[in-house]
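Asker: Structure in structure tokens, see below.
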Amino acid sequence: MIQTNNDNQRVVLITGGGQGIGRALVLHFLKLGYAVAAMEIDREANEELRTITRNQGVCLVLESDVSSESDISNAISQTIQVFRRLDAVIHNAAVTANQPVETLSLEAWNHVLAVNLTAGFLLAKHAAPHLRQSEGGGSMVLLASTRALMSEANTEAYSASKGGIVALTHALAVSLGPEIRVNCISPGWIETRDWQKASKATPPVHSEEDKSQHPVGRVGVPEDIARTAAFLIDPGSGFITGENVVVDGGMTKKMIYVE
Ligand SMILES: NC(=O)c1ccc[n+]([C@@H]2O[C@H](COP(=O)([O-])OP(=O)(O)OC[C@H]3O[C@@H](n4cnc5c(N)ncnc54)[C@H](O)[C@@H]3O)[C@@H](O)[C@H]2O)c1
């Protein structure tokens, strides 16, 4: 039986909350006192999330697929049914299909776009009526990537989806303001190997080169993104909307000349 929130408790819906950055987002927002609804497709990750969050606060774990409009609308209805309000949405779930463009199937391309980009639109469509009611202003944060603006080879679907997120962010900010603010975060290299479900998790190892290519001297951790999302969602950030916040330890500011 899920505990319900109290009337003053703010509520955030987080997609892909079972593993990686999403798991850190769930735990961080619980620590801040939010009630959290987590949408996650992976059953094993959901079981672990239920266990991990049991004594951490109020967390509703919903097994659902963000590429399905009915799953998104059901998840939002269930969140409202249980918590009676929705103040913020974080679209974090994403997939990749990295392979040469000549062999990338249309089905694989469409799936990446559906999960990474179209779900952002569907979440806005179904959450907007509730976010508008939020005291202090509703807020959306979409996870983009530094790959929205630069690439390795064979990343067309993922890069295009993240470029789409940056554009969707400013479009939604203009359409949904002033009641709802919409921002995106572009993470750089964030280490998530130790934030995967137990059967997939491995201890991270970083070489000196891995660290030193970042002006801050280290690879990122999921909490770097969770803290940024919390900052953007806080009503105190009420003058920030339509923005793409790059959180990459300065990696994309470093000019590379091969000697
Ligand atoms: N880790 C990085 O270095 C990095 C860098 C740039 C951007 N990002 C972005 O940050 C976000 C999180 O990345 P991550 O590294 O933690 O990824 P991850 O793969 O570790 O976690 C993603 C989670 O989303 C879930 N998911 C996948 N498809 C889903 C669906 N259809 N419905 C519901 N849930 C689904 C997965 O099961 C998984 O738990 C993504 O948007 C990613 O593009 C990550």
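Each chain of the structure tokens is named A, B, ... in the order shown, its residues numbered from 1; ligands are numbered from 1 in display order.
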Contacts of stretch 20-27 of chain A at 6 Å or less, counting only C-alpha atoms, minus same-chain residues fewer than 6 places along, as a list in words?

Answerer: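 Skipping anything fewer than 6 positions along the chain leaves Thr192, Trp195, Gln196, Pro222 and Ala226 of chain A.
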
Asker: Find the spatial neighbours of A:Arg181, counting only C-alpha atoms, within a cut-off of 6 Å - ignore same-chain residues fewer than 6 positions away - and output them as an mmCIF file with C-alpha atoms, in the first residue's frame.

Answerer:
data_model
loop_
_atom_site.group_PDB
_atom_site.id
_atom_site.type_symbol
_atom_site.label_atom_id
_atom_site.label_comp_id
_atom_site.auth_asym_id
_atom_site.auth_seq_id
_atom_site.Cartn_x
_atom_site.Cartn_y
_atom_site.Cartn_z
ATOM 1 C CA SER A 139 8.085 22.969 -14.148
ATOM 2 C CA ALA A 173 8.727 27.213 -22.642
ATOM 3 C CA THR A 241 12.918 28.996 -18.768
#

Asker: Which residues are close to A:Thr79, i.e. within 8 Å by only C-alpha atoms, leaving aside same-chain residues fewer than 4 positions away? Reply as a ChimeraX atom specification.

Answerer: /A:13,37,60,75,83-86

Asker: Keeping C-alpha atoms, export the residues of the selection given above as a PDB file, in the first residue's frame.

Answerer:
ATOM      1  CA  LEU A  13       7.135  12.570 -11.953  1.00  0.00           C
ATOM      2  CA  ALA A  37       6.224   9.017  -9.083  1.00  0.00           C
ATOM      3  CA  LEU A  60       5.049   5.503  -6.393  1.00  0.00           C
ATOM      4  CA  ALA A  75       0.867   7.211 -15.218  1.00  0.00           C
ATOM      5  CA  PHE A  83      -0.958  12.385  -4.714  1.00  0.00           C
ATOM      6  CA  ARG A  84      -3.762  14.775  -5.860  1.00  0.00           C
ATOM      7  CA  ARG A  85      -1.245  17.162  -7.485  1.00  0.00           C
ATOM      8  CA  LEU A  86       1.678  17.313  -9.902  1.00  0.00           C
TER       9      LEU A  86
END

Asker: Give me, please, the distance in Å between atom CA of A:Phe29 and atom CA of A:Thr51, quoted to one decimal.

Answerer: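 That distance, rounded to one decimal, is 16.5 Å.
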
Asker: When DSSP works through the backbone of this structure, what residues of stretch 74-176 of chain A end up as alpha helix (DSSP H), shown as a PyMOL selection string?

Answerer: chain A and resi 74-83+106-113+119-131+156-176

Asker: Write the residues you've just listed into a file as a short mmCIF file (atom, residue, chain, number, x, y, z; two decimals), in the first residue's frame, and include N, CA and C atoms for each of them.

Answerer:
data_model
loop_
_atom_site.label_atom_id
_atom_site.label_comp_id
_atom_site.auth_asym_id
_atom_site.auth_seq_id
_atom_site.Cartn_x
_atom_site.Cartn_y
_atom_site.Cartn_z
N ASN A 74 -1.91 7.21 -18.42
CA ASN A 74 -2.27 6.43 -17.22
C ASN A 74 -1.36 6.76 -16.04
N ALA A 75 -0.08 6.91 -16.31
CA ALA A 75 0.87 7.21 -15.22
C ALA A 75 0.52 8.56 -14.59
N ILE A 76 0.18 9.53 -15.43
CA ILE A 76 -0.17 10.86 -14.89
C ILE A 76 -1.49 10.77 -14.11
N SER A 77 -2.46 10.02 -14.63
CA SER A 77 -3.73 9.85 -13.90
C SER A 77 -3.50 9.18 -12.55
N GLN A 78 -2.66 8.14 -12.54
CA GLN A 78 -2.40 7.44 -11.27
C GLN A 78 -1.69 8.36 -10.28
N THR A 79 -0.76 9.17 -10.79
CA THR A 79 -0.03 10.11 -9.92
C THR A 79 -1.03 11.08 -9.27
N ILE A 80 -1.96 11.58 -10.07
CA ILE A 80 -2.96 12.54 -9.55
C ILE A 80 -3.90 11.83 -8.57
N GLN A 81 -4.26 10.60 -8.91
CA GLN A 81 -5.16 9.84 -8.03
C GLN A 81 -4.54 9.63 -6.65
N VAL A 82 -3.24 9.29 -6.64
CA VAL A 82 -2.57 8.99 -5.37
C VAL A 82 -2.15 10.26 -4.64
N PHE A 83 -1.56 11.21 -5.37
CA PHE A 83 -0.96 12.38 -4.71
C PHE A 83 -1.81 13.65 -4.81
N LEU A 106 14.73 1.56 -39.83
CA LEU A 106 13.76 2.63 -39.55
C LEU A 106 13.08 2.36 -38.21
N GLU A 107 12.85 1.08 -37.92
CA GLU A 107 12.21 0.71 -36.65
C GLU A 107 13.07 1.16 -35.45
N ALA A 108 14.38 0.90 -35.55
CA ALA A 108 15.28 1.29 -34.46
C ALA A 108 15.33 2.82 -34.33
N TRP A 109 15.41 3.52 -35.46
CA TRP A 109 15.40 4.99 -35.47
C TRP A 109 14.12 5.51 -34.79
N ASN A 110 12.97 4.96 -35.22
CA ASN A 110 11.68 5.42 -34.68
C ASN A 110 11.58 5.16 -33.18
N HIS A 111 12.15 4.03 -32.72
CA HIS A 111 12.07 3.71 -31.29
C HIS A 111 12.87 4.72 -30.46
N VAL A 112 14.07 5.05 -30.94
CA VAL A 112 14.89 6.03 -30.22
C VAL A 112 14.16 7.38 -30.16
N LEU A 113 13.60 7.79 -31.29
CA LEU A 113 12.87 9.07 -31.32
C LEU A 113 11.65 9.03 -30.41
N ALA A 119 8.23 11.21 -26.27
CA ALA A 119 7.72 11.11 -24.89
C ALA A 119 7.75 12.47 -24.20
N GLY A 120 8.70 13.32 -24.54
CA GLY A 120 8.75 14.67 -23.95
C GLY A 120 7.52 15.47 -24.33
N PHE A 121 7.13 15.35 -25.61
CA PHE A 121 5.90 16.01 -26.07
C PHE A 121 4.67 15.43 -25.37
N LEU A 122 4.61 14.10 -25.29
CA LEU A 122 3.42 13.46 -24.68
C LEU A 122 3.31 13.79 -23.19
N LEU A 123 4.44 13.84 -22.51
CA LEU A 123 4.41 14.21 -21.09
C LEU A 123 3.90 15.64 -20.93
N ALA A 124 4.37 16.54 -21.80
CA ALA A 124 3.89 17.93 -21.73
C ALA A 124 2.39 17.99 -22.00
N LYS A 125 1.96 17.27 -23.02
CA LYS A 125 0.54 17.29 -23.41
C LYS A 125 -0.36 16.84 -22.25
N HIS A 126 0.01 15.75 -21.59
CA HIS A 126 -0.87 15.18 -20.56
C HIS A 126 -0.64 15.79 -19.17
N ALA A 127 0.56 16.33 -18.94
CA ALA A 127 0.84 16.88 -17.60
C ALA A 127 0.48 18.36 -17.49
N ALA A 128 0.45 19.08 -18.62
CA ALA A 128 0.28 20.53 -18.58
C ALA A 128 -0.94 20.98 -17.75
N PRO A 129 -2.12 20.35 -17.92
CA PRO A 129 -3.28 20.82 -17.14
C PRO A 129 -3.05 20.74 -15.63
N HIS A 130 -2.25 19.78 -15.19
CA HIS A 130 -1.98 19.62 -13.75
C HIS A 130 -0.84 20.55 -13.32
N LEU A 131 0.20 20.67 -14.14
CA LEU A 131 1.33 21.54 -13.79
C LEU A 131 0.88 22.99 -13.66
N GLU A 156 23.43 8.79 -35.06
CA GLU A 156 22.44 9.69 -35.68
C GLU A 156 21.12 9.75 -34.91
N ALA A 157 20.56 8.60 -34.55
CA ALA A 157 19.23 8.60 -33.92
C ALA A 157 19.30 9.29 -32.56
N TYR A 158 20.27 8.91 -31.76
CA TYR A 158 20.40 9.49 -30.42
C TYR A 158 20.66 10.99 -30.50
N SER A 159 21.63 11.39 -31.34
CA SER A 159 21.97 12.81 -31.44
C SER A 159 20.79 13.63 -31.93
N ALA A 160 20.07 13.10 -32.93
CA ALA A 160 18.90 13.83 -33.46
C ALA A 160 17.83 13.96 -32.38
N SER A 161 17.64 12.89 -31.60
CA SER A 161 16.61 12.96 -30.55
C SER A 161 16.97 14.02 -29.51
N LYS A 162 18.25 14.15 -29.20
CA LYS A 162 18.67 15.11 -28.17
C LYS A 162 18.66 16.55 -28.72
N GLY A 163 19.00 16.70 -30.01
CA GLY A 163 18.84 18.02 -30.64
C GLY A 163 17.37 18.43 -30.61
N GLY A 164 16.50 17.44 -30.84
CA GLY A 164 15.06 17.69 -30.79
C GLY A 164 14.62 18.13 -29.40
N ILE A 165 15.22 17.54 -28.37
CA ILE A 165 14.86 17.93 -26.99
C ILE A 165 15.21 19.40 -26.72
N VAL A 166 16.36 19.84 -27.22
CA VAL A 166 16.74 21.25 -27.00
C VAL A 166 15.71 22.17 -27.67
N ALA A 167 15.27 21.82 -28.88
CA ALA A 167 14.28 22.65 -29.58
C ALA A 167 12.90 22.54 -28.93
N LEU A 168 12.53 21.32 -28.53
CA LEU A 168 11.24 21.12 -27.86
C LEU A 168 11.19 21.96 -26.57
N THR A 169 12.33 22.05 -25.89
CA THR A 169 12.39 22.79 -24.63
C THR A 169 12.03 24.26 -24.83
N HIS A 170 12.64 24.92 -25.82
CA HIS A 170 12.32 26.35 -25.96
C HIS A 170 10.93 26.55 -26.54
N ALA A 171 10.48 25.59 -27.38
CA ALA A 171 9.11 25.71 -27.91
C ALA A 171 8.08 25.59 -26.77
N LEU A 172 8.26 24.59 -25.91
CA LEU A 172 7.32 24.40 -24.79
C LEU A 172 7.39 25.56 -23.81
N ALA A 173 8.59 26.09 -23.59
CA ALA A 173 8.73 27.21 -22.64
C ALA A 173 7.88 28.39 -23.10
N VAL A 174 7.88 28.63 -24.42
CA VAL A 174 7.12 29.76 -24.96
C VAL A 174 5.62 29.45 -24.94
N SER A 175 5.26 28.21 -25.26
CA SER A 175 3.83 27.85 -25.33
C SER A 175 3.20 27.73 -23.95
N LEU A 176 3.93 27.22 -22.97
CA LEU A 176 3.31 26.87 -21.67
C LEU A 176 3.52 27.92 -20.59
#

Asker: Which is closer to ligand 1 than all the others in A:Gly249, A:Gly136, A:Gly177, A:Pro235, using only C-alpha atoms and all ligand atoms?

Answerer: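 Counting only C-alpha atoms and all ligand atoms, the residue closest to ligand 1 is A:Gly249.
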
Asker: Return the single residue from A:Thr155, A:Val101, A:Asn6, A:Lys31 that is closest to A:Arg227, with distances computed using only C-alpha atoms.

Answerer: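 Nearest to A:Arg227: A:Lys31.
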
Asker: Give me, as a list in words, all polymer residues having an atom no more than 10 Å from A:Gly137, counting only C-alpha atoms and skipping those fewer than 4 positions away in the same chain.

Answerer: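 The filter keeps Asp87, Ala88, Leu131, Arg132, Gln133, Gly177, Pro178, Glu179, Ile180, Arg181, Ile233, Asp234, Pro235, Gly236 and Gly238 of chain A.
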
Asker: Neighbours of ligand 1 within 7 Å, counting only C-alpha atoms and all ligand atoms, as a ChimeraX atom specification?

Answerer: /A:15-22,39-42,45,64-67,92-95,115-116,143-146,186-192,196

Asker: What is the distance, in Å and to one decimal place, between atom CA of A:Ser134 and atom CA of A:Ile240?

Answerer: 16.7 Å

Asker: Where does DSSP see strand (DSSP E) in stretch 132-249 of chain A, if you list the residues as a list in words?

Answerer: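 So the strand (DSSP E) residues in stretch 132-249 of chain A would be Gly138, Ser139, Met140, Val141, Leu142, Leu143, Ile180, Arg181, Val182, Asn183, Cys184, Ile185, Ser186, Pro187, Asn244, Val245, Val246 and Val247 of chain A.
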
Asker: Could you state the separation of atom CA of A:Ile185 and atom CA of A:Glu47 in Å, given to one decimal place?

Answerer: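 These two atoms are separated by 27.6 Å.
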
Asker: Which residue gives the smallest distance to A:Cys184 among A:Asn46, A:Thr103, A:Thr228, A:Asn98, with only C-alpha atoms counted?

Answerer: A:Thr228

Asker: Would you please work out which residue, of A:Asn183, A:Thr118, A:Asn244, A:Thr252, is nearest to A:Gln213 when using only C-alpha atoms?

Answerer: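 The closest residue to A:Gln213 is A:Thr252.
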
Asker: From the set A:Ala230, A:Ser70, A:Leu149, A:Arg43, which residue has the shortest atom-to-atom contact distance to A:Val246, counting only C-alpha atoms?

Answerer: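 Smallest distance to A:Val246 is found for A:Leu149.
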
Asker: Measuring atom to atom with only C-alpha atoms, identify which of A:Ile72, A:Leu30, A:Leu232, A:Asp210 is nearest to A:Asn55.

Answerer: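 With only C-alpha atoms as the atom set, the closest residue is A:Leu30.
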